[in-house]
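Everything below concerns the one structure shown next.
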Amino acid sequence: MSGTTNGSTELNSVTRDGVLAALGEVREPEIGRGLVELRMVPTVEITGHDVALTVELLSPIAPYKATLEAEIRAALATLPAIGSVTVTWTTKVRASGGGKSDADPIKGVKNTIAVASGKGGVGKSTVAANLAVALARAGAAVGLLDADVYGPSMPLMMGQTSKPLVRDGKIVPLEAHGVKVMSIGFLLDPEKALIWRGPLVAQLITQFLNDVIWGDLDYLVIDLPPGTGDVQLTLVQKIPISGAVIVTTPQAVALADAVKGLKMFQEVKTTVLGIVENMSGFTDPDTGKTTYIFGQGGGRRTAEQYEVPLLGEIPLEPAVREGGDSGVPVIIGHPDSPTAHAFTHLAERVAARLAVDAAVKPRKPMIRLVQAR
């Protein structure tokens, strides 16, 4: 009888192998691979029949978390004699594999995001600022480099005009809205034009990459100048760019130049994360009618033609201009506005794409097990 009892006890116990096997078919929605395979379950604690596990998300913005938890609980419910299940969530952004450059990455920076446009006037800097703030609001460590040296906008847009400190020969970036920010605009008289030739501009960009104390960042968003010139080439030569976001408006003249920017990044083997259509339409708050001032659907058609994702369509809204002029990005000043929601969705898509690129080959899960006797 005692042997039967012991066998029954072993059969009905909750074990490490049983937990891992049950979780084996639960998949990360964006990547499509198992949580265990991706090493997203760093700890499992078992006390009797109760299970407490930690799930380590790969992106700071995970709208699927509730669905994923339901799948985890359903999978563990198949174990015999399972007790309570406690799921704790953390986030650990991983370094993307998107950058194909042989150059050395910036120390401490996991992902570099280049925000680019083929021409000026499409709201590229607005997109860069709100993307950075959206990622920071989600809990990520974020930096914002204003590399548009001839027309630096970030001091005004981020509401920060102080002079940065210098520590041990390196520049300490300023902070605004939870983001570390660096711009040539912090160093120059705001009314003074920068009249430099290409080599000096390249030297300045190199200094911003190497001589700024960025610290540990999940994302460094880089606001590029319009076009495909010296700054862009310097960046792709000096550091591996994890991915590029191409900003355009729906009108044909902007799209034509946006394609040139897209092609440039593809030629230098840099991942194009996708296209953002800015100023996609204005909705009258009184009538609810949407007017497509710059045309309609151009960003989507271009994304489909060149087989890259459409990351978002950002509405044309007065609050965006107000936020840029006051130094309070719309995602902070009007967090419930359609534009703020669009920027949050953009940040979600960018982070998800980088998480997919960062997904590693299957390895043996590293699980810490606490088994109570």
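Labeling convention for the structure tokens: chains A, B, ... as they appear, residues from 1 per chain, ligands from 1 in order of appearance.
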### Message
Could you pull out the strand (DSSP E or B) residues of stretch 49-147 of chain A, going by DSSP on the backbone, and write them as number ranges by chain?
### Response
A: 50-57, 85-91, 99, 109-116, 142-146
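Once stretch 203-210 of chain A and its same-chain neighbours fewer than 3 positions away are set aside, Ile106, Lys107, Leu145, Ala147, Val149, Lys170, Ile171, Met182, Ser183, Ile184, Gly198, Pro199, Leu200, Ile213, Trp214, Val231, Thr234, Leu235, Lys238 and Ile239 of chain A remain within 9 Å of it when counting only C-alpha atoms.
The environment of A:Pro315 within 12 Å, counting only C-alpha atoms and disregarding residues fewer than 5 places along the same chain, consists of Gly123, Val127, Thr249, Pro250, Val276, Glu277, Asn278, Met279, Ser280, Gly281, Phe282, Thr283, Asp284, Thr290, Thr291, Tyr292, Ile293, Phe294, Gln296, Val320, Arg321, Val330, Ser337, Pro338, Thr339, Ala340, His341, Ala342 and Phe343 of chain A.
Of the listed residues A:Val142, A:Val87, A:Met264, A:Ala202, the one whose atoms come nearest to A:Ala347 is A:Val142, with distances taken using only C-alpha atoms.
Minimum atom-to-atom distances from A:Thr161, A:Ala254, A:Leu57, A:Gly243 to A:Gln266 were compared using only C-alpha atoms, and the lowest value belongs to A:Gly243.
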Across A:Ile275, A:Leu156, A:Leu165, A:Val253, the smallest distance to A:Gly323, with only C-alpha atoms counted, is shown by A:Leu156
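Counting only C-alpha atoms, the residue from A:Leu23, A:Val236, A:Ala52, A:Leu220 that sits nearest to A:Ala95 is A:Leu220.
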Could you tell me, as a PyMOL selection string, which residues of stretch 39-188 of chain A DSSP assigns to alpha helix (DSSP H) when given the backbone? chain A and resi 65-76+124-137+154-157
Can you write out the residues you just picked, keeping C-alpha atoms, as a PDB file, in the first residue's frame?
ATOM      1  CA  LYS A  65      -0.303  40.986 -21.521  1.00  0.00           C
ATOM      2  CA  ALA A  66      -3.805  40.095 -20.258  1.00  0.00           C
ATOM      3  CA  THR A  67      -4.304  37.572 -23.062  1.00  0.00           C
ATOM      4  CA  LEU A  68      -0.861  36.088 -22.460  1.00  0.00           C
ATOM      5  CA  GLU A  69      -1.541  35.684 -18.746  1.00  0.00           C
ATOM      6  CA  ALA A  70      -4.802  33.916 -19.522  1.00  0.00           C
ATOM      7  CA  GLU A  71      -2.927  31.486 -21.779  1.00  0.00           C
ATOM      8  CA  ILE A  72      -0.302  30.870 -19.076  1.00  0.00           C
ATOM      9  CA  ARG A  73      -2.959  30.122 -16.476  1.00  0.00           C
ATOM     10  CA  ALA A  74      -4.862  27.863 -18.861  1.00  0.00           C
ATOM     11  CA  ALA A  75      -1.689  25.933 -19.668  1.00  0.00           C
ATOM     12  CA  LEU A  76      -0.767  25.429 -15.996  1.00  0.00           C
ATOM     13  CA  LYS A 124      10.069  64.323 -38.265  1.00  0.00           C
ATOM     14  CA  SER A 125      11.306  65.971 -35.064  1.00  0.00           C
ATOM     15  CA  THR A 126       7.799  65.904 -33.596  1.00  0.00           C
ATOM     16  CA  VAL A 127       7.625  62.179 -34.288  1.00  0.00           C
ATOM     17  CA  ALA A 128      11.084  61.607 -32.774  1.00  0.00           C
ATOM     18  CA  ALA A 129      10.277  63.550 -29.600  1.00  0.00           C
ATOM     19  CA  ASN A 130       6.932  61.864 -28.994  1.00  0.00           C
ATOM     20  CA  LEU A 131       8.320  58.421 -29.830  1.00  0.00           C
ATOM     21  CA  ALA A 132      11.073  58.878 -27.249  1.00  0.00           C
ATOM     22  CA  VAL A 133       8.669  60.146 -24.581  1.00  0.00           C
ATOM     23  CA  ALA A 134       6.177  57.345 -25.291  1.00  0.00           C
ATOM     24  CA  LEU A 135       8.878  54.711 -24.768  1.00  0.00           C
ATOM     25  CA  ALA A 136      10.028  56.419 -21.576  1.00  0.00           C
ATOM     26  CA  ARG A 137       6.463  56.624 -20.228  1.00  0.00           C
ATOM     27  CA  MET A 154      14.704  69.488 -29.417  1.00  0.00           C
ATOM     28  CA  PRO A 155      15.573  72.292 -26.963  1.00  0.00           C
ATOM     29  CA  LEU A 156      12.240  73.937 -27.794  1.00  0.00           C
ATOM     30  CA  MET A 157      10.196  70.775 -28.269  1.00  0.00           C
TER      31      MET A 157
END
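Across the structure, atom CA of A:Gly151 and atom CA of A:Gly185 are spaced 8.5 Å apart.
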May I have a table of the residues of stretch 54-145 of chain A lying at most 6 Å from stretch 24-42 of chain A, giving each one's closest pair of atoms and their distance in Å to one decimal, counting only C-alpha atoms, ordered by chain and ascending residue number, as a tab-separated table?
residue	atom	partner	partner_atom	distance
A:Thr54	CA	A:Val41	CA	5.7
A:Val55	CA	A:Val41	CA	4.8
A:Glu56	CA	A:Met40	CA	4.8
Shortest contact to A:Pro164, candidates A:Lys260, A:Pro152, A:Lys180, A:Val201, atoms counted only C-alpha atoms, goes to A:Lys180
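Atom to atom, atom CA of A:Gly312 and atom CA of A:Ala176 stand 24.5 Å apart.
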note - atom CA of A:Arg167 and atom CA of A:Ile113 are separated by 26.1 Å
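Proximity of A:Glu317, A:Asp218, A:Asp211, A:Asp189 to A:Leu144, computed with only C-alpha atoms, is greatest for A:Asp218.
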